[in-house]
Every structure is written in C-alpha cells, then in structure tokens.
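Peer 1: Could you have a look at this structure, given as structure tokens, before my questions?
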Amino acid sequence: MSLAMAGVVPPLYERNQEATIYIGNLDQKVTDDIVWELFIQCGPVVNVHIPKDKISGEHQGYGFVEFKSEEDADYAIKIMHMIKLYGKPIKVNKASQDKRTQEVGANLFIGNLDQEIDEKALYETFSAFGHILSTKIMRNPESGISKGYGFVSYDNFESSDSALTAMNGQFFGNKTIRVEYGFKKDAKGERHGSQAERLLAANRPLAQKGLMGFTFDYRMPAPPQPNFEQFRQPPPPPPFPKI
C-alpha cells in the first residue's frame with residue numbers, strides 16, 4: 001500500500017514532480033482506490049492523493065498520481081486525458097505544469113456544436129493544430145446536455161490561428177461549426193487575439209513559454225508491427241521420386 005493510500009502524504013519536495021500527473025474534473029464517486037486501479041494500467045504507481053475537505057470529507061474534483069518513472073507519467077497523459085470516468089471526461093497533465101504561465105489568450109469559441117460532440121472529440125479534433133491547454137463544452141447544469149458551444153485554449157497564437165482558418169465553417173458531427181476568438185472575461189466586448197496579446201505572448205520569458213520545463217507530445221505511440229514470418233506456411237515437401 002502506498003503512503004497516500006495509508007493516509008500519509010509525502011511532502012511536495014519529496015515527490016518526483018516530473019513523474020507526477022494532475023487529474024481534474026473528477027466525479028464525487030471517484031476514490032483513491034479507483035484512481036489507483038485505473039492508472040496502474042499505465043505503469044507502477046507510487047502514490048495517489050485526492051485532497052479532501054476536512055469537514056465534509058468530499059474531494060474538490062482533482063488529485064495527483066505519482067509514477068515510478070517520468071516515462072510512465074507521460075504515457076498516462078497520452079492515453080488517459082479526456083477519457084470518461086463516471087460520465088465525466090477527466091483532465092490529465094503534468095503536475096509541474098502551471099497553466100497560468102502558459103495562458104496567452106489564444107482562446108477560441110466553437111459555436112453551433114452538435115450535441116453528440118463531447119470534450120474528447122473536441123480535443124482530438126483541435127489538437128491536430130497544436131498543444132491544447134484546455135477544452136470545455138458548456139452544458140446545462142441539471143441535464144448535462146451540451147448547450148451547443150464550447151472553448152479551446154492553445155498555448156500559442158500560431159496554433160489557434162491555424163485552427164480558426166481550417167475549422168471555421170467546416171462540418172463537425174452533423175453541423176457546420178463557427179470558430180472565432182472568444183470574448184475576454186475582463187474586457188466587455190473585446191475578443192482575444194488582439195495585437196497587444198500577441199505582442200505579450202511573443203515577448204514572454206522562456207520560463208513562461210514552458211521551454212524550461214516539459215513539453216507535451218500527445219501523439220499515440222505507434223502500434224507494434226506484427227511478425228508475419230510466424231504466419232507463413234511451411235514449404236511443401238519435395239515430390240516423391242519417380243520409380
């Protein structure tokens with residue numbers, strides 16, 4: 001049993017941060033045991049920690065998984081990000097990643113979405129244009145049904161520009177979607193993608209661009225090639241000599 005499973009969580013500085021992943025958007029039904037059983041499929045797990053409220057005992061919808069190796073953590077990110085757990089797509093990324101330092105304003109609004117499109121489909125389609133920081137589909141809080149629009153946030157404007165150019169007016173599911181820069185939360189009527197945002201993004205320090213830390217590679221590993229030699233029929237026996 002891990003330290004975390006025994007209720008003893010090692011201090012942050014003792015963890016291998018590069019081998020630790022963050023998991024978010026967890027349903028309240030999710031427990032440490034469930035997370036352990038899910039992620040041990042990706043490699044040996046050292047610790048699982050889901051912070052809980054001291055009074056209610058409920059978790060806050062996120063947690064951490066520490067693997068023995070950074071390679072296993074990277075593999076878990078590739079195959080577990082946006083899979084559904086109790087009907088909710090979970091978010092998986094490196095715990096050492098600070099989204100706030102990578103947020104540049106390359107945020108796209110995706111409108112007229114088919115109700116069958118979920119976060120995973122949105123992510124898989126738009127990740128073709130670059131590294132995605134987050135995807136979100138707005139839903140009715142009671143029914144969980146999509147409201148028909150969502151958002152995709154990239155870590156650079158080159159990716160968001162490419163996605164906008166390629167996807168605006170395209171069929172996605174059974175509808176023609178509308179793609180444009182979203183409105184800023186703190187500036188009424190002003191959209192992301194302004195020259196000021198682009199200038200700030202171009203002049204960010206290297207540490208804020210994520211160049212001093214890890215980078216994501218969301219491409220799935222190539223499947224092993226079958227060994228066709230084992231399927232070949234043995235050569236026919238030599239013909240009997242004529243008498």
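By convention in this document, the chains of the structure tokens carry letters A, B, ... by their order, each chain's residues are numbered from 1, and ligands are numbered from 1 in the order they are shown.
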I need the helix (DSSP H, G or I) residues of region 90-209 of chain A per DSSP on the backbone, written as a count of residues only.
Peer 2: 34
Peer 1: Would you mind reading off the distance between CA of Tyr62 (chain A) and CA of Ile145 (chain A), one decimal, in Å?
Peer 2: 22.5 Å
Peer 1: Take CA of Ser162 (chain A) and CA of Ile77 (chain A) and report the distance between them in Å, one decimal.
Peer 2: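 Calculated distance between CA of Ser162 (chain A) and CA of Ile77 (chain A) is 24.1 Å.
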Peer 1: Neighbouring residues of region 18-25 of chain A were defined as those with any atom within 8 Å, considering only C-alpha atoms; residues of the same chain fewer than 6 positions away were excluded. Please report them as a ChimeraX atom specification.
Peer 2: /A:61-74,77,88-96
Peer 1: May I ask for the distance between CA of Glu197 (chain A) and CA of Thr125 (chain A), given in Å to one decimal place?
Peer 2: 25.0 Å
Peer 1: In terms of the shortest atom-to-atom distance over only C-alpha atoms, which of A:Met138, A:Thr31, A:Ile132, A:Glu158 is closest to Gln115 (chain A)?
Peer 2: A:Met138
Peer 1: For the structure I just gave you, how does DSSP split region 103-174 of chain A - specifically, which residues are strand (DSSP E)? Reply as a list of chain:residue names.
Peer 2: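 Restricting region 103-174 of chain A to strand (DSSP E) produces A:Asn107, A:Leu108, A:Phe109, A:Ile110, A:Gly111, A:Ile132, A:Leu133, A:Ser134, A:Thr135, A:Lys136, A:Ile137, A:Met138, A:Arg139, A:Ser146, A:Lys147, A:Gly148, A:Tyr149, A:Gly150, A:Phe151, A:Val152, A:Ser153, A:Tyr154, A:Phe171, A:Phe172.
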Peer 1: Taking into account only C-alpha atoms, which residue in the set A:Phe183, A:Phe126, A:Phe171, A:Phe157 is nearest to Gln195 (chain A)?
Peer 2: A:Phe157
